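Peer 1: Next comes coords_12.txt, compact mmCIF, C-alpha atoms:
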```txt
# COMPACT_ATOMS: atom_id res chain seq x y z
CA MET A 1 -12.14 -41.98 -56.74
CA SER A 2 -8.70 -40.50 -57.21
CA ASN A 3 -9.98 -36.99 -57.92
CA ILE A 4 -11.22 -36.50 -54.31
CA THR A 5 -9.14 -34.90 -51.53
CA ILE A 6 -10.41 -34.84 -47.94
CA THR A 7 -8.56 -31.99 -46.21
CA ASN A 8 -8.03 -33.25 -42.67
CA HIS A 9 -5.93 -30.38 -41.34
CA PRO A 10 -6.38 -29.99 -37.54
CA LEU A 11 -7.43 -26.33 -37.82
CA ILE A 12 -10.13 -27.22 -40.35
CA GLN A 13 -11.41 -30.09 -38.22
CA HIS A 14 -11.51 -27.90 -35.10
CA LYS A 15 -13.47 -25.16 -36.85
CA LEU A 16 -15.75 -27.76 -38.41
CA SER A 17 -16.74 -29.08 -34.97
CA ILE A 18 -17.94 -25.60 -33.97
CA LEU A 19 -19.67 -25.18 -37.33
CA ARG A 20 -21.72 -28.33 -36.77
CA ASP A 21 -22.94 -27.26 -33.32
CA LYS A 22 -26.63 -26.35 -33.48
CA ASP A 23 -26.08 -23.57 -30.94
CA THR A 24 -23.44 -21.72 -33.00
CA PRO A 25 -25.01 -18.33 -33.92
CA SER A 26 -25.22 -17.10 -37.53
CA LYS A 27 -22.43 -14.53 -37.10
CA ASP A 28 -19.96 -17.16 -35.89
CA PHE A 29 -21.23 -19.64 -38.47
CA ARG A 30 -20.57 -17.19 -41.32
CA GLU A 31 -17.07 -16.46 -40.04
CA LEU A 32 -16.26 -20.16 -39.71
CA VAL A 33 -17.48 -20.96 -43.23
CA GLU A 34 -15.24 -18.18 -44.54
CA GLU A 35 -12.23 -19.31 -42.49
CA ILE A 36 -12.59 -22.96 -43.52
CA ALA A 37 -12.87 -21.90 -47.17
CA MET A 38 -9.64 -19.93 -46.84
CA LEU A 39 -7.82 -22.91 -45.32
CA MET A 40 -9.20 -25.26 -47.98
CA CYS A 41 -8.23 -22.84 -50.75
CA TYR A 42 -4.63 -23.13 -49.58
CA GLU A 43 -4.78 -26.86 -50.34
CA ALA A 44 -6.84 -26.56 -53.53
CA THR A 45 -4.35 -24.12 -55.09
CA ARG A 46 -1.25 -26.15 -54.24
CA ASP A 47 -0.68 -26.97 -57.92
CA LEU A 48 -0.72 -23.38 -59.22
CA PRO A 49 2.32 -22.91 -61.49
CA LEU A 50 5.17 -20.61 -60.51
CA GLU A 51 7.79 -18.80 -62.53
CA GLU A 52 11.13 -17.40 -61.49
CA ILE A 53 11.66 -13.65 -61.40
CA GLU A 54 14.46 -11.40 -60.28
CA ILE A 55 13.84 -8.84 -57.53
CA GLU A 56 15.97 -6.46 -55.55
CA THR A 57 15.77 -6.76 -51.78
CA PRO A 58 17.15 -4.06 -49.45
CA VAL A 59 20.32 -6.17 -49.32
CA ALA A 60 20.88 -7.76 -52.74
CA VAL A 61 19.38 -9.01 -56.00
CA ALA A 62 17.53 -12.29 -55.53
CA LYS A 63 15.74 -14.88 -57.60
CA ALA A 64 12.18 -15.42 -56.39
CA LYS A 65 8.98 -17.22 -57.39
CA HIS A 66 5.60 -15.76 -58.21
CA LEU A 67 2.41 -17.07 -59.78
CA ALA A 68 2.78 -17.64 -63.49
CA GLY A 69 -0.10 -15.38 -64.46
CA LYS A 70 -2.81 -18.03 -64.33
CA LYS A 71 -6.27 -16.44 -64.14
CA LEU A 72 -8.77 -17.75 -61.61
CA ALA A 73 -12.53 -17.46 -61.17
CA VAL A 74 -14.61 -18.41 -58.14
CA VAL A 75 -18.19 -19.52 -58.79
CA PRO A 76 -20.41 -19.99 -55.73
CA ILE A 77 -23.59 -21.99 -56.04
CA LEU A 78 -26.23 -19.66 -54.59
CA ARG A 79 -27.02 -19.02 -52.01
CA ALA A 80 -24.91 -20.87 -49.45
CA GLY A 81 -21.83 -20.82 -51.67
CA LEU A 82 -21.61 -17.05 -51.13
CA GLY A 83 -20.39 -17.75 -47.61
CA MET A 84 -17.15 -19.26 -48.96
CA VAL A 85 -16.23 -16.55 -51.45
CA ASP A 86 -14.61 -13.96 -49.18
CA GLY A 87 -12.31 -16.55 -47.66
CA ILE A 88 -10.98 -17.42 -51.11
CA LEU A 89 -10.73 -13.78 -52.23
CA ALA A 90 -8.67 -13.02 -49.12
CA LEU A 91 -5.99 -15.29 -50.58
CA ILE A 92 -6.60 -14.57 -54.28
CA PRO A 93 -7.94 -10.99 -54.46
CA SER A 94 -7.51 -10.83 -58.25
CA ALA A 95 -9.94 -13.71 -58.86
CA ARG A 96 -13.17 -12.91 -60.68
CA VAL A 97 -16.49 -14.08 -59.25
CA GLY A 98 -19.38 -15.66 -61.15
CA HIS A 99 -22.69 -16.88 -59.74
CA ILE A 100 -24.95 -19.88 -60.34
CA GLY A 101 -28.38 -19.96 -58.74
CA LEU A 102 -29.83 -23.41 -58.14
CA TYR A 103 -32.39 -24.70 -55.68
CA ARG A 104 -33.38 -28.25 -54.88
CA ASP A 105 -36.94 -29.29 -55.70
CA PRO A 106 -38.29 -30.71 -52.41
CA GLU A 107 -40.23 -33.44 -54.23
CA THR A 108 -37.70 -34.70 -56.77
CA LEU A 109 -34.53 -33.50 -54.93
CA GLN A 110 -33.28 -32.37 -58.36
CA PRO A 111 -31.62 -28.95 -58.86
CA VAL A 112 -33.53 -26.18 -60.64
CA GLU A 113 -31.61 -23.25 -62.21
CA TYR A 114 -32.80 -19.69 -61.58
CA TYR A 115 -29.67 -17.55 -62.17
CA CYS A 116 -26.39 -17.76 -64.10
CA LYS A 117 -23.72 -15.06 -64.56
CA PHE A 118 -20.04 -15.66 -65.36
CA PRO A 119 -17.01 -13.45 -66.03
CA ALA A 120 -16.84 -12.65 -69.74
CA ASP A 121 -13.39 -14.25 -70.02
CA ILE A 122 -14.23 -17.45 -68.12
CA ALA A 123 -12.81 -19.52 -70.99
CA GLU A 124 -9.39 -18.11 -70.11
CA ARG A 125 -9.64 -19.00 -66.45
CA ASP A 126 -9.35 -21.88 -64.04
CA VAL A 127 -12.57 -22.13 -62.05
CA ILE A 128 -13.19 -23.08 -58.42
CA VAL A 129 -16.86 -23.93 -57.82
CA VAL A 130 -17.86 -23.62 -54.16
CA ASP A 131 -20.79 -24.83 -52.09
CA PRO A 132 -20.65 -25.67 -48.36
CA MET A 133 -22.64 -28.90 -48.83
CA CYS A 134 -22.53 -31.74 -51.33
CA ALA A 135 -25.56 -33.85 -50.48
CA THR A 136 -26.98 -35.63 -53.53
CA GLY A 137 -24.36 -33.96 -55.73
CA GLY A 138 -27.06 -32.79 -58.14
CA SER A 139 -26.44 -29.06 -57.79
CA ALA A 140 -22.67 -29.43 -58.17
CA ILE A 141 -23.05 -31.70 -61.19
CA ASP A 142 -25.41 -29.28 -62.95
CA ALA A 143 -23.36 -26.20 -62.04
CA ILE A 144 -20.17 -27.75 -63.38
CA SER A 145 -21.96 -28.88 -66.55
CA MET A 146 -23.10 -25.28 -67.10
CA ILE A 147 -19.57 -23.96 -66.63
CA LYS A 148 -18.07 -26.57 -68.95
CA LYS A 149 -20.21 -25.20 -71.78
CA ARG A 150 -18.15 -22.00 -71.52
CA GLY A 151 -14.90 -23.91 -72.02
CA PRO A 152 -12.79 -22.94 -68.97
CA LYS A 153 -9.25 -24.26 -68.70
CA HIS A 154 -9.87 -26.39 -65.63
CA ILE A 155 -12.51 -26.79 -62.90
CA LYS A 156 -12.20 -27.66 -59.22
CA PHE A 157 -15.02 -28.15 -56.73
CA MET A 158 -14.72 -27.24 -53.07
CA CYS A 159 -17.22 -28.06 -50.33
CA THR A 160 -17.19 -28.19 -46.55
CA ILE A 161 -19.21 -31.35 -45.89
CA ALA A 162 -20.23 -34.12 -48.28
CA ALA A 163 -22.29 -37.29 -48.22
CA PRO A 164 -20.80 -40.42 -49.79
CA GLU A 165 -23.69 -40.55 -52.27
CA GLY A 166 -23.03 -37.00 -53.45
CA LEU A 167 -19.28 -37.39 -53.80
CA LYS A 168 -19.70 -40.62 -55.74
CA ALA A 169 -22.25 -39.09 -58.11
CA LEU A 170 -20.15 -35.96 -58.66
CA SER A 171 -16.93 -37.89 -59.20
CA GLU A 172 -18.57 -40.20 -61.72
CA ALA A 173 -20.33 -37.37 -63.58
CA HIS A 174 -17.18 -35.21 -63.76
CA PRO A 175 -14.08 -37.41 -63.36
CA ASP A 176 -11.90 -34.57 -64.71
CA VAL A 177 -12.86 -32.23 -61.84
CA ASP A 178 -10.70 -32.20 -58.71
CA ILE A 179 -12.89 -32.30 -55.60
CA PHE A 180 -11.84 -30.88 -52.22
CA CYS A 181 -13.90 -31.62 -49.13
CA ALA A 182 -13.32 -30.91 -45.41
CA ALA A 183 -15.39 -33.84 -44.13
CA LEU A 184 -17.05 -36.94 -45.55
CA ASP A 185 -20.14 -37.74 -43.47
CA GLU A 186 -22.12 -40.93 -42.98
CA ARG A 187 -25.09 -40.76 -45.35
CA LEU A 188 -28.16 -38.90 -46.61
CA ASN A 189 -31.47 -39.14 -44.77
CA ASP A 190 -34.86 -39.57 -46.42
CA HIS A 191 -35.14 -35.79 -46.93
CA GLY A 192 -31.79 -35.54 -48.72
CA TYR A 193 -29.98 -33.96 -45.74
CA ILE A 194 -26.45 -34.97 -44.81
CA VAL A 195 -26.17 -36.97 -41.57
CA PRO A 196 -24.80 -35.84 -39.13
CA GLY A 197 -24.16 -32.73 -41.27
CA LEU A 198 -24.86 -29.24 -39.95
CA GLY A 199 -28.41 -28.55 -41.09
CA ASP A 200 -29.23 -26.09 -43.89
CA ALA A 201 -26.03 -24.13 -44.56
CA GLY A 202 -27.84 -21.28 -46.32
CA ASP A 203 -30.29 -20.76 -43.46
CA ARG A 204 -27.49 -20.84 -40.89
CA ILE A 205 -25.24 -18.44 -42.84
CA PHE A 206 -27.97 -15.88 -43.46
CA GLY A 207 -30.05 -16.42 -40.32
CA THR A 208 -33.21 -17.23 -42.23
CA LYS A 209 -34.42 -20.06 -40.02
```
Take the structure in this file and express it as structure tokens.
Peer 2:
Amino acid sequence: MSNITITNHPLIQHKLSILRDKDTPSKDFRELVEEIAMLMCYEATRDLPLEEIEIETPVAVAKAKHLAGKKLAVVPILRAGLGMVDGILALIPSARVGHIGLYRDPETLQPVEYYCKFPADIAERDVIVVDPMCATGGSAIDAISMIKKRGPKHIKFMCTIAAPEGLKALSEAHPDVDIFCAALDERLNDHGYIVPGLGDAGDRIFGTK
């Protein structure tokens, strides 16, 4: 699966170990999700094109590089994906933000859509879809399928922790989407939770459990 990158940077792995700890409070959990997203965004945007410009420093005229005007959009999968958005916007403040609301049916484990709102010019943008967890892959697959209908230039998917089953399903469903993940865990349990994972990311971000 050549479209998958596991970002094994030491800072990410250190923060991830605290994130997994069941005793980490919601405030710290939220901050860690945001920080890890920021670090992962650095890797996920490595291929952004640059163009040469001429600037004047206090000393002399210099040739420099800046982004070649490529527009970006960040689309979190609600609700846990919201926890990753601020980390990305800290690096790319001009990015627009869309939202996709999906929940997983506890019986079928299939995603159900309840909300969808994108920037009006999403077809002119590269899109980074974010969700802390990729368990079965169903939510990510459906979210990306919804975005593809709007014809964006390119789509990337970024998650914190994934199960092998979810990554495989997502990669096979959308082989043209680059996937960035901080950790690949062992498996899914019978309830569709990632093992060892970190529990329910949404509940831990928002303190609802």
Peer 1: Using all atoms listed in the file, can you list as a list of chain:residue names the residues within 7 Å of (-13.8, -14.7, -64.7)?
Peer 2: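 Protein, DNA and RNA residues close to (-13.8, -14.7, -64.7): A:Leu72, A:Ala73, A:Arg96, A:Val97, A:Gly98, A:Phe118, A:Pro119, A:Ala120, A:Asp121, A:Ile122, A:Arg125.
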Peer 1: Tell me, as a count of residues only, which residues lie within 10 Å of His154 (chain A), counting only C-alpha atoms; anything in the same chain fewer than 2 positions away does not count.
Peer 2: 14
Peer 1: Rank nothing, just name the residue among A:Tyr42, A:Ala64, A:Glu34, A:Leu188 nearest to Leu91 (chain A), using only C-alpha atoms.
Peer 2: A:Tyr42
Peer 1: Pick from A:Ala80, A:Cys41, A:Ile194, A:Val85: nearest to Thr7 (chain A), with all atoms listed in the file counted?
Peer 2: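 So, comparing all the options, the nearest one is A:Cys41.
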Peer 1: Do you know which residues lie at most 12 Å from (-22.2, -17.8, -38.0), with coordinates as in the file and all atoms listed in the file counted, and could you write them as a PyMOL selection string?
Peer 2: chain A and resi 15-16+18-35+83+198+201-208
Peer 1: I'd like the interatomic distance between CA of Glu54 (chain A) and CA of Ala90 (chain A), to a tenth of an Å.
Peer 2: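 Computed distance, CA of Glu54 (chain A) to CA of Ala90 (chain A), equals 25.7 Å.
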Peer 1: For CA of Ser145 (chain A) and CA of Pro106 (chain A), quote the distance in Å rounded to one decimal.
Peer 2: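 The value is 21.7 Å.
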Peer 1: Write out as JSON, numbers by chain each polymer residue whose atoms come within 9 Å of Ile36 (chain A), counting all atoms listed in the file; drop sequence neighbours fewer than 6 positions from it.
Peer 2: {"A": [11, 12, 13, 15, 16, 84, 87, 160, 182]}
Peer 1: Store the residues picked out above in a file with C-alpha atoms, as a PDB file, in the coordinates of the input.
Peer 2:
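As a result, selection.pdb now contains:
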```pdb
ATOM      1  CA  LEU A  11      -7.430 -26.330 -37.820  1.00  0.00           C
ATOM      2  CA  ILE A  12     -10.130 -27.220 -40.350  1.00  0.00           C
ATOM      3  CA  GLN A  13     -11.410 -30.090 -38.220  1.00  0.00           C
ATOM      4  CA  LYS A  15     -13.470 -25.160 -36.850  1.00  0.00           C
ATOM      5  CA  LEU A  16     -15.750 -27.760 -38.410  1.00  0.00           C
ATOM      6  CA  MET A  84     -17.150 -19.260 -48.960  1.00  0.00           C
ATOM      7  CA  GLY A  87     -12.310 -16.550 -47.660  1.00  0.00           C
ATOM      8  CA  THR A 160     -17.190 -28.190 -46.550  1.00  0.00           C
ATOM      9  CA  ALA A 182     -13.320 -30.910 -45.410  1.00  0.00           C
TER      10      ALA A 182
END
```
Peer 1: Would you mind listing what lies within 8 Å of Lys63 (chain A) as an MDAnalysis selection string, with all atoms listed in the file counted and same-chain residues fewer than 5 positions away left out?
Peer 2: chainID A and resid 52:55
Peer 1: When distances are computed from only C-alpha atoms, which of A:Thr136, A:Val130, A:Leu39, A:Ile179 shows the smallest separation from Thr108 (chain A)?
Peer 2: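 For Thr108 (chain A), the nearest of the given residues is A:Thr136.
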Peer 1: Supply region 37-48 of chain A as a PDB file, keeping the file's coordinate frame, with all heavy atoms built in where the input has gaps.
Peer 2:
```pdb
ATOM      1  N   ALA A  37     -13.096 -22.059 -45.725  1.00  0.00           N
ATOM      2  CA  ALA A  37     -12.870 -21.900 -47.170  1.00  0.00           C
ATOM      3  C   ALA A  37     -11.467 -21.405 -47.453  1.00  0.00           C
ATOM      4  O   ALA A  37     -10.808 -21.851 -48.406  1.00  0.00           O
ATOM      5  CB  ALA A  37     -13.910 -20.961 -47.762  1.00  0.00           C
ATOM      6  N   MET A  38     -10.993 -20.458 -46.646  1.00  0.00           N
ATOM      7  CA  MET A  38      -9.640 -19.930 -46.840  1.00  0.00           C
ATOM      8  C   MET A  38      -8.595 -21.030 -46.644  1.00  0.00           C
ATOM      9  O   MET A  38      -7.669 -21.177 -47.445  1.00  0.00           O
ATOM     10  CB  MET A  38      -9.377 -18.790 -45.853  1.00  0.00           C
ATOM     11  CG  MET A  38      -8.033 -18.106 -46.044  1.00  0.00           C
ATOM     12  SD  MET A  38      -7.654 -16.911 -44.745  1.00  0.00           S
ATOM     13  CE  MET A  38      -8.987 -15.738 -44.959  1.00  0.00           C
ATOM     14  N   LEU A  39      -8.765 -21.829 -45.584  1.00  0.00           N
ATOM     15  CA  LEU A  39      -7.820 -22.910 -45.320  1.00  0.00           C
ATOM     16  C   LEU A  39      -7.861 -23.974 -46.415  1.00  0.00           C
ATOM     17  O   LEU A  39      -6.832 -24.503 -46.836  1.00  0.00           O
ATOM     18  CB  LEU A  39      -8.111 -23.535 -43.960  1.00  0.00           C
ATOM     19  CG  LEU A  39      -7.820 -22.644 -42.744  1.00  0.00           C
ATOM     20  CD1 LEU A  39      -8.433 -23.246 -41.486  1.00  0.00           C
ATOM     21  CD2 LEU A  39      -6.324 -22.450 -42.570  1.00  0.00           C
ATOM     22  N   MET A  40      -9.062 -24.274 -46.907  1.00  0.00           N
ATOM     23  CA  MET A  40      -9.200 -25.260 -47.980  1.00  0.00           C
ATOM     24  C   MET A  40      -8.622 -24.748 -49.286  1.00  0.00           C
ATOM     25  O   MET A  40      -8.050 -25.513 -50.066  1.00  0.00           O
ATOM     26  CB  MET A  40     -10.667 -25.646 -48.156  1.00  0.00           C
ATOM     27  CG  MET A  40     -11.258 -26.426 -47.006  1.00  0.00           C
ATOM     28  SD  MET A  40     -12.950 -26.930 -47.340  1.00  0.00           S
ATOM     29  CE  MET A  40     -12.680 -28.124 -48.661  1.00  0.00           C
ATOM     30  N   CYS A  41      -8.772 -23.444 -49.525  1.00  0.00           N
ATOM     31  CA  CYS A  41      -8.230 -22.840 -50.750  1.00  0.00           C
ATOM     32  C   CYS A  41      -6.718 -23.004 -50.812  1.00  0.00           C
ATOM     33  O   CYS A  41      -6.139 -23.215 -51.878  1.00  0.00           O
ATOM     34  CB  CYS A  41      -8.624 -21.371 -50.803  1.00  0.00           C
ATOM     35  SG  CYS A  41      -8.046 -20.509 -52.270  1.00  0.00           S
ATOM     36  N   TYR A  42      -6.076 -22.918 -49.659  1.00  0.00           N
ATOM     37  CA  TYR A  42      -4.630 -23.130 -49.580  1.00  0.00           C
ATOM     38  C   TYR A  42      -4.263 -24.481 -50.171  1.00  0.00           C
ATOM     39  O   TYR A  42      -3.303 -24.619 -50.935  1.00  0.00           O
ATOM     40  CB  TYR A  42      -4.187 -23.027 -48.119  1.00  0.00           C
ATOM     41  CG  TYR A  42      -2.727 -23.288 -47.877  1.00  0.00           C
ATOM     42  CD1 TYR A  42      -1.786 -22.274 -48.007  1.00  0.00           C
ATOM     43  CD2 TYR A  42      -2.285 -24.549 -47.495  1.00  0.00           C
ATOM     44  CE1 TYR A  42      -0.441 -22.518 -47.777  1.00  0.00           C
ATOM     45  CE2 TYR A  42      -0.950 -24.802 -47.266  1.00  0.00           C
ATOM     46  CZ  TYR A  42      -0.031 -23.783 -47.399  1.00  0.00           C
ATOM     47  OH  TYR A  42       1.291 -24.032 -47.174  1.00  0.00           O
ATOM     48  N   GLU A  43      -5.052 -25.504 -49.832  1.00  0.00           N
ATOM     49  CA  GLU A  43      -4.780 -26.860 -50.340  1.00  0.00           C
ATOM     50  C   GLU A  43      -5.179 -26.996 -51.810  1.00  0.00           C
ATOM     51  O   GLU A  43      -4.457 -27.602 -52.611  1.00  0.00           O
ATOM     52  CB  GLU A  43      -5.545 -27.878 -49.496  1.00  0.00           C
ATOM     53  CG  GLU A  43      -5.248 -29.327 -49.826  1.00  0.00           C
ATOM     54  CD  GLU A  43      -3.816 -29.725 -49.513  1.00  0.00           C
ATOM     55  OE1 GLU A  43      -3.252 -29.203 -48.538  1.00  0.00           O
ATOM     56  OE2 GLU A  43      -3.256 -30.549 -50.264  1.00  0.00           O
ATOM     57  N   ALA A  44      -6.314 -26.407 -52.170  1.00  0.00           N
ATOM     58  CA  ALA A  44      -6.840 -26.560 -53.530  1.00  0.00           C
ATOM     59  C   ALA A  44      -5.974 -25.859 -54.581  1.00  0.00           C
ATOM     60  O   ALA A  44      -6.030 -26.193 -55.762  1.00  0.00           O
ATOM     61  CB  ALA A  44      -8.271 -26.042 -53.599  1.00  0.00           C
ATOM     62  N   THR A  45      -5.189 -24.866 -54.149  1.00  0.00           N
ATOM     63  CA  THR A  45      -4.350 -24.120 -55.090  1.00  0.00           C
ATOM     64  C   THR A  45      -2.883 -24.550 -55.035  1.00  0.00           C
ATOM     65  O   THR A  45      -2.004 -23.874 -55.564  1.00  0.00           O
ATOM     66  CB  THR A  45      -4.437 -22.609 -54.824  1.00  0.00           C
ATOM     67  OG1 THR A  45      -4.097 -22.352 -53.454  1.00  0.00           O
ATOM     68  CG2 THR A  45      -5.840 -22.091 -55.093  1.00  0.00           C
ATOM     69  N   ARG A  46      -2.630 -25.677 -54.413  1.00  0.00           N
ATOM     70  CA  ARG A  46      -1.250 -26.150 -54.240  1.00  0.00           C
ATOM     71  C   ARG A  46      -0.531 -26.365 -55.574  1.00  0.00           C
ATOM     72  O   ARG A  46       0.688 -26.278 -55.661  1.00  0.00           O
ATOM     73  CB  ARG A  46      -1.255 -27.455 -53.435  1.00  0.00           C
ATOM     74  CG  ARG A  46       0.110 -27.995 -53.088  1.00  0.00           C
ATOM     75  CD  ARG A  46       0.008 -29.246 -52.242  1.00  0.00           C
ATOM     76  NE  ARG A  46      -0.506 -28.951 -50.918  1.00  0.00           N
ATOM     77  CZ  ARG A  46       0.261 -28.541 -49.907  1.00  0.00           C
ATOM     78  NH1 ARG A  46       1.558 -28.374 -50.093  1.00  0.00           N
ATOM     79  NH2 ARG A  46      -0.267 -28.313 -48.731  1.00  0.00           N
ATOM     80  N   ASP A  47      -1.303 -26.650 -56.629  1.00  0.00           N
ATOM     81  CA  ASP A  47      -0.680 -26.970 -57.920  1.00  0.00           C
ATOM     82  C   ASP A  47      -0.581 -25.760 -58.848  1.00  0.00           C
ATOM     83  O   ASP A  47      -0.260 -25.908 -60.040  1.00  0.00           O
ATOM     84  CB  ASP A  47      -1.441 -28.092 -58.624  1.00  0.00           C
ATOM     85  CG  ASP A  47      -2.896 -27.725 -58.914  1.00  0.00           C
ATOM     86  OD1 ASP A  47      -3.365 -26.684 -58.398  1.00  0.00           O
ATOM     87  OD2 ASP A  47      -3.550 -28.483 -59.636  1.00  0.00           O
ATOM     88  N   LEU A  48      -0.847 -24.551 -58.358  1.00  0.00           N
ATOM     89  CA  LEU A  48      -0.720 -23.380 -59.220  1.00  0.00           C
ATOM     90  C   LEU A  48       0.732 -23.239 -59.686  1.00  0.00           C
ATOM     91  O   LEU A  48       1.665 -23.369 -58.883  1.00  0.00           O
ATOM     92  CB  LEU A  48      -1.145 -22.103 -58.481  1.00  0.00           C
ATOM     93  CG  LEU A  48      -2.629 -21.941 -58.174  1.00  0.00           C
ATOM     94  CD1 LEU A  48      -2.869 -20.646 -57.422  1.00  0.00           C
ATOM     95  CD2 LEU A  48      -3.460 -21.979 -59.447  1.00  0.00           C
TER      96      LEU A  48
END
```
